[in-house]
file upload.cif (mmCIF, C-alpha atoms)
data_my_file
#
loop_
_atom_site.label_atom_id
_atom_site.label_comp_id
_atom_site.auth_asym_id
_atom_site.auth_seq_id
_atom_site.Cartn_x
_atom_site.Cartn_y
_atom_site.Cartn_z
CA MET A 1270 34.75 -1.30 4.81
CA ASN A 1271 33.04 -1.28 8.24
CA ARG A 1272 31.50 -4.34 9.85
CA LEU A 1273 27.90 -3.29 9.28
CA GLN A 1274 28.55 -2.68 5.61
CA ARG A 1275 30.05 -6.17 5.35
CA LEU A 1276 26.93 -7.54 7.04
CA HIS A 1277 24.79 -5.69 4.54
CA ASP A 1278 26.89 -6.98 1.66
CA ALA A 1279 26.35 -10.53 2.98
CA GLY A 1280 22.66 -10.08 2.22
CA VAL A 1281 21.34 -8.84 5.58
CA SER A 1282 19.25 -5.67 5.59
CA ILE A 1283 19.94 -3.77 8.80
CA TRP A 1284 16.92 -2.12 10.38
CA LEU A 1285 16.80 -0.09 13.57
CA ASP A 1286 14.45 -1.48 16.20
CA THR A 1287 13.41 1.88 17.60
CA LEU A 1288 11.98 5.19 16.51
CA SER A 1289 11.53 8.50 18.30
CA ARG A 1290 11.11 12.21 17.70
CA GLU A 1291 14.54 12.77 19.27
CA LEU A 1292 16.28 10.44 16.80
CA LEU A 1293 14.58 12.23 13.93
CA GLU A 1294 14.95 15.84 15.07
CA THR A 1295 18.59 15.56 16.07
CA GLY A 1296 19.58 13.91 12.78
CA ALA A 1297 20.74 10.78 14.62
CA PHE A 1298 18.48 8.53 12.55
CA ALA A 1299 19.73 10.00 9.28
CA ALA A 1300 23.31 9.51 10.50
CA LEU A 1301 22.64 5.83 11.18
CA VAL A 1302 21.34 5.48 7.63
CA ASP A 1303 24.34 7.27 6.18
CA GLU A 1304 27.10 5.81 8.36
CA PHE A 1305 25.85 2.49 9.78
CA ALA A 1306 24.22 0.87 6.73
CA VAL A 1307 20.75 1.13 8.30
CA THR A 1308 18.09 0.63 5.62
CA GLY A 1309 14.87 0.47 7.64
CA ALA A 1310 13.17 0.92 11.00
CA THR A 1311 10.57 -0.80 13.12
CA SER A 1312 8.32 0.47 15.88
CA ASN A 1313 5.80 -1.04 18.28
CA PRO A 1314 3.65 0.13 21.22
CA THR A 1315 6.51 -0.38 23.69
CA ILE A 1316 8.88 1.70 21.58
CA PHE A 1317 6.40 4.58 21.28
CA ALA A 1318 5.51 4.36 24.97
CA LYS A 1319 9.17 4.91 25.84
CA ALA A 1320 9.55 7.67 23.26
CA ILE A 1321 6.49 9.69 24.27
CA THR A 1322 6.61 9.17 28.04
CA GLY A 1323 10.34 9.87 28.20
CA SER A 1324 10.41 13.10 26.21
CA ASP A 1325 8.80 16.53 26.04
CA ARG A 1326 9.41 16.73 22.28
CA TYR A 1327 5.81 15.66 21.62
CA ASP A 1328 4.21 18.12 24.02
CA ALA A 1329 3.79 21.08 21.68
CA GLN A 1330 2.10 18.94 19.04
CA LEU A 1331 -0.12 17.25 21.61
CA ARG A 1332 -1.13 20.65 22.98
CA ARG A 1333 -2.12 21.86 19.51
CA LEU A 1334 -3.96 18.68 18.70
CA ALA A 1335 -5.83 18.63 22.00
CA SER A 1336 -7.17 22.12 21.40
CA SER A 1337 -8.58 21.17 18.01
CA ALA A 1338 -9.21 17.41 18.13
CA GLY A 1339 -10.40 16.93 21.69
CA ASP A 1340 -9.35 14.18 24.05
CA ASP A 1341 -9.54 11.01 21.91
CA LEU A 1342 -6.37 9.45 23.30
CA GLN A 1343 -5.91 6.89 20.51
CA GLU A 1344 -6.36 9.53 17.87
CA LEU A 1345 -3.83 11.78 19.58
CA PHE A 1346 -1.37 8.88 19.71
CA PHE A 1347 -1.88 8.14 16.02
CA ALA A 1348 -1.35 11.79 15.11
CA VAL A 1349 2.03 12.13 16.83
CA ALA A 1350 3.30 8.62 16.06
CA LEU A 1351 2.34 8.74 12.39
CA GLU A 1352 4.29 11.98 12.05
CA ASP A 1353 7.40 10.14 13.27
CA VAL A 1354 6.73 7.34 10.80
CA ARG A 1355 6.35 9.81 7.94
CA ARG A 1356 9.61 11.54 8.84
CA ALA A 1357 11.48 8.26 9.03
CA ALA A 1358 9.96 7.13 5.74
CA GLN A 1359 11.17 10.34 4.11
CA VAL A 1360 14.73 9.71 5.32
CA LEU A 1361 14.54 6.15 3.97
CA LEU A 1362 12.92 7.04 0.64
CA PRO A 1363 16.24 7.19 -1.30
CA VAL A 1364 17.03 3.65 -0.08
CA HIS A 1365 13.57 2.52 -1.13
CA ARG A 1366 14.03 3.96 -4.61
CA ARG A 1367 17.59 2.64 -4.96
CA THR A 1368 16.50 -0.91 -4.09
CA GLY A 1369 13.47 -0.91 -6.34
CA GLY A 1370 11.10 -0.92 -3.37
CA GLU A 1371 12.57 -3.96 -1.65
CA ASP A 1372 14.12 -2.04 1.26
CA GLY A 1373 14.06 1.37 2.91
CA CYS A 1374 10.88 0.73 4.89
CA VAL A 1375 9.49 1.76 8.27
CA SER A 1376 6.80 -0.15 10.18
CA PHE A 1377 3.89 1.00 12.33
CA GLU A 1378 1.84 -1.45 14.38
CA CYS A 1379 -1.89 -1.87 14.77
CA THR A 1380 -2.92 -1.26 18.36
CA PRO A 1381 -2.74 -4.44 20.46
CA ASP A 1382 -6.36 -4.21 21.62
CA VAL A 1383 -7.44 -5.55 18.20
CA ALA A 1384 -4.90 -8.41 18.05
CA ASP A 1385 -7.56 -11.10 18.47
CA ASP A 1386 -10.19 -9.49 16.22
CA ALA A 1387 -9.56 -10.03 12.52
CA GLU A 1388 -12.17 -7.59 11.27
CA ALA A 1389 -11.06 -4.81 13.63
CA THR A 1390 -7.43 -5.42 12.62
CA ILE A 1391 -8.34 -5.19 8.93
CA ALA A 1392 -10.32 -1.97 9.45
CA GLN A 1393 -7.58 -0.30 11.50
CA ALA A 1394 -4.77 -1.43 9.20
CA LEU A 1395 -6.60 -0.08 6.14
CA ASP A 1396 -7.19 3.22 7.90
CA LEU A 1397 -3.52 3.55 8.91
CA TRP A 1398 -2.37 2.53 5.42
CA GLN A 1399 -4.58 5.16 3.81
CA ARG A 1400 -3.57 7.86 6.28
CA LEU A 1401 0.13 7.27 5.77
CA ASP A 1402 -0.21 6.84 2.00
CA LEU A 1403 3.49 6.10 1.52
CA PRO A 1404 5.04 3.31 -0.56
CA ASN A 1405 7.76 2.50 2.01
CA VAL A 1406 5.54 1.99 5.06
CA LEU A 1407 4.49 -1.39 6.41
CA ILE A 1408 1.58 -1.97 8.79
CA LYS A 1409 2.45 -4.44 11.55
CA VAL A 1410 -0.08 -7.19 12.25
CA PRO A 1411 0.57 -9.78 14.99
CA ALA A 1412 0.68 -13.44 14.00
CA THR A 1413 -2.24 -14.43 16.20
CA GLN A 1414 -4.91 -16.69 14.72
CA ALA A 1415 -7.00 -13.61 13.96
CA GLY A 1416 -3.94 -11.87 12.57
CA VAL A 1417 -3.32 -14.64 10.04
CA SER A 1418 -6.81 -14.10 8.59
CA ALA A 1419 -6.20 -10.36 8.48
CA ILE A 1420 -2.86 -10.80 6.68
CA GLU A 1421 -4.52 -12.59 3.78
CA ALA A 1422 -7.28 -10.00 3.47
CA LEU A 1423 -4.92 -7.02 3.76
CA THR A 1424 -2.46 -8.42 1.24
CA ALA A 1425 -5.36 -8.91 -1.15
CA ARG A 1426 -6.19 -5.22 -0.61
CA GLY A 1427 -2.62 -4.20 -1.50
CA VAL A 1428 -1.40 -3.28 1.99
CA ASN A 1429 2.28 -3.73 2.87
CA ILE A 1430 2.38 -5.95 5.97
CA ASN A 1431 5.01 -6.64 8.60
CA VAL A 1432 3.85 -9.80 10.38
CA THR A 1433 5.00 -9.50 13.97
CA LEU A 1434 5.14 -11.69 17.10
CA LEU A 1435 6.10 -14.80 15.15
CA PHE A 1436 7.70 -17.51 17.28
CA SER A 1437 6.88 -20.94 15.85
CA VAL A 1438 7.73 -22.44 12.48
CA GLU A 1439 4.21 -23.90 12.35
CA ARG A 1440 2.61 -20.46 12.65
CA TYR A 1441 5.14 -19.14 10.16
CA GLU A 1442 3.83 -21.69 7.63
CA GLU A 1443 0.34 -20.26 8.16
CA VAL A 1444 1.64 -16.72 7.64
CA ILE A 1445 3.39 -17.63 4.39
CA GLU A 1446 0.23 -19.33 3.18
CA ALA A 1447 -1.84 -16.25 4.03
CA TYR A 1448 0.55 -14.01 2.10
CA LEU A 1449 0.54 -16.28 -0.95
CA ARG A 1450 -3.26 -16.54 -0.94
CA GLY A 1451 -3.55 -12.76 -0.66
CA LEU A 1452 -1.33 -12.32 -3.72
CA GLU A 1453 -3.32 -14.94 -5.62
CA HIS A 1454 -6.57 -13.11 -4.80
CA ARG A 1455 -5.12 -9.92 -6.26
CA ILE A 1456 -3.95 -11.61 -9.41
CA ALA A 1457 -7.33 -13.30 -9.87
CA ALA A 1458 -8.97 -9.88 -9.54
CA GLY A 1459 -6.61 -8.39 -12.11
CA ASP A 1460 -4.79 -6.24 -9.56
CA PRO A 1461 -1.00 -5.69 -9.60
CA VAL A 1462 1.29 -7.36 -7.06
CA ASP A 1463 4.65 -5.96 -8.10
CA GLU A 1464 4.69 -3.14 -5.52
CA ILE A 1465 3.60 -5.15 -2.48
CA THR A 1466 6.23 -5.55 0.23
CA SER A 1467 5.88 -7.93 3.16
CA VAL A 1468 8.15 -9.18 5.91
CA ALA A 1469 7.67 -11.86 8.57
CA SER A 1470 9.18 -10.88 11.93
CA PHE A 1471 10.47 -14.01 13.63
CA PHE A 1472 11.33 -13.32 17.28
CA VAL A 1473 14.54 -14.84 18.57
CA SER A 1474 16.11 -14.09 21.95
CA ARG A 1475 12.93 -14.49 23.99
CA ILE A 1476 12.88 -18.17 23.02
CA ASP A 1477 16.31 -18.75 24.57
CA THR A 1478 15.21 -16.97 27.75
CA LYS A 1479 12.42 -19.48 28.24
CA ALA A 1480 14.32 -22.51 26.96
CA ASP A 1481 17.37 -21.82 29.12
CA ALA A 1482 15.15 -21.74 32.21
CA MET A 1483 14.26 -25.38 31.48
CA LEU A 1484 17.87 -26.49 30.98
CA ALA A 1485 20.60 -27.35 33.44
CA PRO A 1486 23.21 -24.60 33.95
CA ASP A 1487 25.85 -26.71 32.20
CA SER A 1488 23.64 -27.94 29.36
CA PRO A 1489 25.23 -27.63 25.89
CA ALA A 1490 21.78 -26.75 24.56
CA ARG A 1491 21.73 -23.40 26.37
CA GLY A 1492 21.72 -20.46 24.00
CA ARG A 1493 21.20 -22.68 20.96
CA VAL A 1494 17.43 -23.16 20.75
CA ALA A 1495 16.46 -19.74 19.39
CA ILE A 1496 18.95 -19.71 16.52
CA ALA A 1497 18.11 -23.32 15.65
CA ASN A 1498 14.41 -22.44 15.56
CA ALA A 1499 15.13 -19.43 13.33
CA HIS A 1500 17.30 -21.57 11.04
CA ARG A 1501 14.39 -23.98 10.57
CA ALA A 1502 12.20 -20.99 9.70
CA TYR A 1503 14.74 -19.82 7.14
CA GLY A 1504 14.71 -23.29 5.62
CA ARG A 1505 10.95 -23.04 5.20
CA TYR A 1506 11.36 -19.60 3.62
CA LEU A 1507 13.77 -21.00 1.02
CA ALA A 1508 11.47 -23.90 0.27
CA ARG A 1509 8.20 -21.99 0.04
CA PHE A 1510 9.65 -19.11 -1.98
CA GLY A 1511 11.44 -21.42 -4.36
CA ASP A 1512 8.69 -23.79 -5.44
CA GLU A 1513 6.51 -23.87 -8.54
CA ARG A 1514 3.61 -22.01 -6.89
CA TRP A 1515 5.92 -19.13 -6.03
CA ARG A 1516 7.46 -19.07 -9.49
CA ARG A 1517 3.98 -18.55 -10.95
CA LEU A 1518 3.49 -15.55 -8.66
CA GLN A 1519 6.94 -14.22 -9.54
CA GLN A 1520 5.89 -14.11 -13.18
CA HIS A 1521 3.42 -11.41 -12.11
CA GLY A 1522 6.17 -9.45 -10.34
CA ALA A 1523 5.50 -10.66 -6.79
CA ARG A 1524 8.19 -10.17 -4.16
CA PRO A 1525 8.97 -12.79 -1.51
CA GLN A 1526 7.93 -12.15 2.06
CA ARG A 1527 11.37 -11.67 3.61
CA PRO A 1528 12.22 -13.11 7.03
CA LEU A 1529 12.98 -10.45 9.61
CA TRP A 1530 14.87 -11.42 12.77
CA ALA A 1531 13.36 -9.50 15.69
CA SER A 1532 14.18 -9.46 19.40
CA THR A 1533 17.86 -9.72 18.53
CA GLY A 1534 19.21 -7.91 21.57
CA THR A 1535 20.92 -10.43 23.85
CA LYS A 1536 19.03 -10.95 27.12
CA ASP A 1537 21.57 -13.13 28.95
CA PRO A 1538 24.70 -11.08 29.80
CA SER A 1539 26.82 -14.23 29.74
CA TYR A 1540 26.23 -14.53 25.99
CA SER A 1541 27.83 -12.43 23.29
CA ASP A 1542 26.03 -9.13 22.80
CA VAL A 1543 25.93 -9.84 19.05
CA LEU A 1544 24.92 -13.51 19.29
CA TYR A 1545 21.65 -13.05 17.40
CA VAL A 1546 23.30 -11.06 14.64
CA GLU A 1547 26.35 -13.22 14.00
CA GLY A 1548 24.32 -16.43 14.20
CA LEU A 1549 21.60 -15.34 11.77
CA VAL A 1550 23.44 -14.14 8.69
CA ALA A 1551 21.74 -15.21 5.46
CA PRO A 1552 21.00 -13.74 2.05
CA GLY A 1553 17.65 -12.01 1.78
CA VAL A 1554 16.91 -11.54 5.48
CA ILE A 1555 16.44 -8.49 7.69
CA ASN A 1556 17.81 -8.06 11.20
CA THR A 1557 16.11 -5.33 13.21
CA MET A 1558 18.44 -4.37 16.04
CA PRO A 1559 18.23 -2.17 19.12
CA GLU A 1560 20.70 0.67 18.80
CA ASN A 1561 23.07 -0.79 21.40
CA THR A 1562 23.22 -4.09 19.46
CA LEU A 1563 23.79 -2.20 16.23
CA ARG A 1564 26.71 -0.30 17.73
CA ALA A 1565 28.11 -3.45 19.36
CA PHE A 1566 28.23 -5.20 15.99
CA ALA A 1567 29.82 -2.12 14.41
CA ASP A 1568 32.52 -2.35 17.09
CA HIS A 1569 33.31 -6.07 17.23
CA GLY A 1570 30.84 -8.15 15.20
CA SER A 1571 31.93 -10.78 12.70
CA ILE A 1572 30.30 -12.77 9.93
CA GLY A 1573 30.59 -16.53 10.01
CA GLU A 1574 29.00 -19.31 8.00
CA PRO A 1575 25.64 -18.14 6.63
CA LEU A 1576 22.41 -20.03 7.20
CA GLY A 1577 21.33 -22.28 4.35
CA SER A 1578 18.71 -24.80 3.36
CA ASP A 1579 20.36 -27.65 5.30
CA VAL A 1580 18.63 -27.55 8.68
CA SER A 1581 19.93 -30.89 9.98
CA ALA A 1582 22.16 -29.24 12.60
CA ALA A 1583 19.24 -27.07 13.73
CA ASN A 1584 16.98 -30.11 14.02
CA THR A 1585 19.64 -31.90 16.07
CA ALA A 1586 19.98 -28.92 18.43
CA LEU A 1587 16.23 -28.78 18.92
CA ALA A 1588 16.03 -32.54 19.47
CA ASP A 1589 18.78 -32.32 22.08
CA ALA A 1590 16.91 -29.55 23.88
CA ALA A 1591 13.66 -31.50 23.73
CA ALA A 1592 15.39 -34.51 25.26
CA GLU A 1593 16.27 -32.27 28.21
CA GLY A 1594 12.68 -31.18 28.69
CA VAL A 1595 12.34 -28.13 26.44
CA ASP A 1596 8.81 -28.04 25.01
CA LEU A 1597 9.21 -25.63 22.11
CA GLN A 1598 5.54 -25.72 21.17
CA THR A 1599 4.52 -24.61 24.65
CA ILE A 1600 7.22 -21.93 24.70
CA THR A 1601 6.18 -20.39 21.40
CA ARG A 1602 2.49 -20.47 22.32
CA GLU A 1603 3.21 -18.72 25.62
CA LEU A 1604 5.44 -16.13 23.97
CA GLU A 1605 2.79 -15.19 21.42
CA ARG A 1606 0.27 -14.48 24.17
CA GLU A 1607 2.83 -12.76 26.40
CA GLY A 1608 3.89 -10.57 23.48
CA VAL A 1609 0.32 -9.38 22.90
CA ASN A 1610 -0.19 -8.78 26.62
CA SER A 1611 3.09 -6.87 26.92
CA PHE A 1612 2.14 -4.59 24.05
CA CYS A 1613 -1.30 -4.06 25.62
CA ASP A 1614 0.36 -2.97 28.86
CA ALA A 1615 2.70 -0.61 27.01
CA TYR A 1616 -0.20 0.81 25.00
CA ASP A 1617 -2.24 1.42 28.14
CA GLN A 1618 0.76 3.16 29.72
CA LEU A 1619 1.13 5.28 26.61
CA LEU A 1620 -2.50 6.41 26.65
CA ARG A 1621 -2.28 7.21 30.39
CA CYS A 1622 0.81 9.29 29.73
CA ILE A 1623 -0.97 11.28 27.01
CA GLU A 1624 -3.93 11.77 29.33
CA THR A 1625 -1.61 13.04 32.07
CA LYS A 1626 0.05 15.44 29.65
CA LEU A 1627 -3.35 16.78 28.58
CA GLY A 1628 -4.21 17.37 32.22
CA SER A 1629 -1.00 19.29 32.79
CA PHE A 1630 -1.67 21.42 29.70
CA ALA A 1631 -5.09 22.38 31.07
CA MET A 1632 -3.47 23.66 34.26
CA THR A 1633 -1.06 25.98 32.46
#
call {"tool": "encode", "arguments": {"input": "upload.cif", "output": "structure tokens"}}
result
Amino acid sequence: MNRLQRLHDAGVSIWLDTLSRELLETGAFAALVDEFAVTGATSNPTIFAKAITGSDRYDAQLRRLASSAGDDLQELFFAVALEDVRRAAQVLLPVHRRTGGEDGCVSFECTPDVADDAEATIAQALDLWQRLDLPNVLIKVPATQAGVSAIEALTARGVNINVTLLFSVERYEEVIEAYLRGLEHRIAAGDPVDEITSVASFFVSRIDTKADAMLAPDSPARGRVAIANAHRAYGRYLARFGDERWRRLQQHGARPQRPLWASTGTKDPSYSDVLYVEGLVAPGVINTMPENTLRAFADHGSIGEPLGSDVSAANTALADAAAEGVDLQTITRELEREGVNSFCDAYDQLLRCIETKLGSFAMT
């Protein structure tokens, strides 16, 4: 049994944190599903910016679309990106069926320009959900204040949501609450909840990058803050999806909103390249990995003691870091805003690239 299969058998769903036409057309994505225990995929504006700007595989489709649909850059982006999502969803459909709808999903993100507008997020997410019309697709909504409101409304409308850009346990509590309220609205309206899938993407490595910058080079707290923060989040997941309120929802067939560990590629080269995989093993979670992290774990990863409900060690690690000047609340607030801004930059770059391609088509 290979290492990734053992990780999967320990309760971790392995998702690929990238998506591209090349991966799909060459069969590389299908091979990862077949041979590397991959059971899902995630995408975001940065991922699609790299895919479309770095390849000519989208050019023929863009040329056809431009001749019939004009020069609406966002619409052109949606057309090519949603095709990739559909193809990936088709590859993953057997996994989705085999797991009773709990796995085998692919995510597509709302554009970052609506991240702080709840109504615009709701409208765009509903449009994307209806256009894709697939049971194993999730629409990504950032965990901004506006996003939390949108999550409740979209869940109530029956949309599968991947909550992204989650950094703080406090905001995670708000996200869980929004999901539960959305399910309760559906039940009150007499609508089914047994086919709704939701995940909460808790970002990891970026927290250590900021925390380590506040710590002395020889501090024992270095490289420990992110995993401790994620462990606390997992503790909240176990508590909130194990209480009486949740059991009432379960009676209607509701599924828990699974934690998804994102940003699990190691940023600091002095740390293990599988740090945020080995340190975040737990039943019922998802780890979405860049391909190089996935292959690194397949080569030399190991599975240690899984996370559990006892978060005392995590609280101690965070207290030690705080005593050395690490302000986790400030870090997570900054990372949420930086994440939105980074996606906005990538999205702008993506639209400029499409515009440039259209210009080159007109000259040929």
call {"tool": "resolve_selection", "arguments": {"input": "upload.cif", "expression": "the PyMOL selection byres ((chain A and resi 1471-1483) around 10)", "output": "PyMOL selection string"}}
result
chain A and resi 1412+1432-1438+1441+1468-1470+1484-1486+1488+1490-1499+1502-1503+1528-1537+1544-1545+1549+1556+1590-1591+1593-1597+1600-1601+1603-1605+1608
call {"tool": "residues_around", "arguments": {"input": "upload.cif", "residues": "Val1609 of chain A", "least_positions_apart": "2", "cutoff": "8 Å", "atoms": "all atoms listed in the file", "output": "mmCIF file with C-alpha atoms, in the frame of the given file"}}
result
data_model
loop_
_atom_site.group_PDB
_atom_site.id
_atom_site.type_symbol
_atom_site.label_atom_id
_atom_site.label_comp_id
_atom_site.auth_asym_id
_atom_site.auth_seq_id
_atom_site.Cartn_x
_atom_site.Cartn_y
_atom_site.Cartn_z
ATOM 1 C CA PRO A 1381 -2.740 -4.440 20.460
ATOM 2 C CA ALA A 1384 -4.900 -8.410 18.050
ATOM 3 C CA PRO A 1411 0.570 -9.780 14.990
ATOM 4 C CA LEU A 1434 5.140 -11.690 17.100
ATOM 5 C CA GLU A 1605 2.790 -15.190 21.420
ATOM 6 C CA ARG A 1606 0.270 -14.480 24.170
ATOM 7 C CA GLU A 1607 2.830 -12.760 26.400
ATOM 8 C CA SER A 1611 3.090 -6.870 26.920
ATOM 9 C CA PHE A 1612 2.140 -4.590 24.050
ATOM 10 C CA CYS A 1613 -1.300 -4.060 25.620
#
call {"tool": "resolve_selection", "arguments": {"input": "upload.cif", "expression": "the PyMOL selection byres ((chain A and resi 1306) around 7)", "output": "ChimeraX atom specification"}}
result
/A:1273-1274,1277,1283,1301-1305,1307-1308
call {"tool": "atom_distance", "arguments": {"input": "upload.cif", "atom1": "atom CA of Trp1284 of chain A", "atom2": "atom CA of Ala1508 of chain A"}}
result
24.6 Å
call {"tool": "resolve_selection", "arguments": {"input": "upload.cif", "expression": "the PyMOL selection byres ((chain A and resi 1322) around 10)", "output": "list in words"}}
result
Phe1317, Ala1318, Lys1319, Ala1320, Ile1321, Gly1323, Ser1324, Asp1325, Arg1326, Tyr1327, Gln1618, Leu1619, Leu1620, Arg1621, Cys1622, Ile1623, Thr1625 and Lys1626 of chain A
call {"tool": "residues_around", "arguments": {"input": "upload.cif", "residues": "segment 1449-1457 of chain A", "least_positions_apart": "5", "cutoff": "12 Å", "atoms": "all atoms listed in the file", "output": "ChimeraX atom specification"}}
result
/A:1417-1430,1442-1444,1462-1467,1509-1510,1512,1514-1526
call {"tool": "residues_near_point", "arguments": {"input": "upload.cif", "point": "(-5.5, -11.8, 17.7)", "cutoff": "7 Å", "atoms": "all atoms listed in the file", "output": "VMD selection string"}}
result
chain A and resid 1383 to 1387 1411 1413 to 1416
call {"tool": "closest_residue", "arguments": {"input": "upload.cif", "among": "A:Leu1351, A:Ala1588, A:Ala1358, A:Val1281", "to": "Leu1397 of chain A", "atoms": "all atoms listed in the file"}}
result
A:Leu1351
call {"tool": "closest_residue", "arguments": {"input": "upload.cif", "among": "A:Ala1348, A:Ala1565, A:Ile1316, A:Ala1299", "to": "Val1364 of chain A", "atoms": "only C-alpha atoms"}}
result
A:Ala1299
call {"tool": "atom_distance", "arguments": {"input": "upload.cif", "atom1": "atom CA of Thr1287 of chain A", "atom2": "atom CA of Arg1355 of chain A"}}
result
14.4 Å
call {"tool": "closest_residue", "arguments": {"input": "upload.cif", "among": "A:Glu1291, A:Asp1568, A:Glu1352, A:Asp1328", "to": "Arg1400 of chain A", "atoms": "all atoms listed in the file"}}
result
A:Glu1352
call {"tool": "decode", "arguments": {"input": "upload.cif", "residues": "segment 1440-1451 of chain A", "atoms": "N, CA and C atoms", "output": "tab-separated table (two decimals), in the first residue's frame"}}
result
chain	number	residue	atom	x	y	z
A	1440	ARG	N	-13.46	33.34	13.08
A	1440	ARG	CA	-14.23	33.45	11.84
A	1440	ARG	C	-14.78	32.08	11.44
A	1441	TYR	N	-14.04	31.03	11.74
A	1441	TYR	CA	-14.51	29.68	11.47
A	1441	TYR	C	-15.81	29.40	12.22
A	1442	GLU	N	-15.91	29.86	13.47
A	1442	GLU	CA	-17.15	29.71	14.23
A	1442	GLU	C	-18.31	30.38	13.49
A	1443	GLU	N	-18.07	31.55	12.93
A	1443	GLU	CA	-19.12	32.26	12.18
A	1443	GLU	C	-19.53	31.47	10.94
A	1444	VAL	N	-18.55	30.86	10.29
A	1444	VAL	CA	-18.82	30.08	9.08
A	1444	VAL	C	-19.66	28.85	9.40
A	1445	ILE	N	-19.30	28.15	10.47
A	1445	ILE	CA	-20.09	26.98	10.88
A	1445	ILE	C	-21.52	27.41	11.18
A	1446	GLU	N	-21.66	28.50	11.92
A	1446	GLU	CA	-22.99	28.99	12.26
A	1446	GLU	C	-23.80	29.32	11.01
A	1447	ALA	N	-23.15	29.94	10.02
A	1447	ALA	CA	-23.85	30.28	8.78
A	1447	ALA	C	-24.31	29.02	8.06
A	1448	TYR	N	-23.47	28.00	8.04
A	1448	TYR	CA	-23.84	26.74	7.39
A	1448	TYR	C	-25.02	26.09	8.10
A	1449	LEU	N	-24.96	26.03	9.43
A	1449	LEU	CA	-26.05	25.41	10.19
A	1449	LEU	C	-27.36	26.17	10.00
A	1450	ARG	N	-27.30	27.50	10.04
A	1450	ARG	CA	-28.51	28.28	9.83
A	1450	ARG	C	-29.07	28.07	8.43
A	1451	GLY	N	-28.19	27.98	7.43
A	1451	GLY	CA	-28.67	27.73	6.07
A	1451	GLY	C	-29.41	26.41	5.97
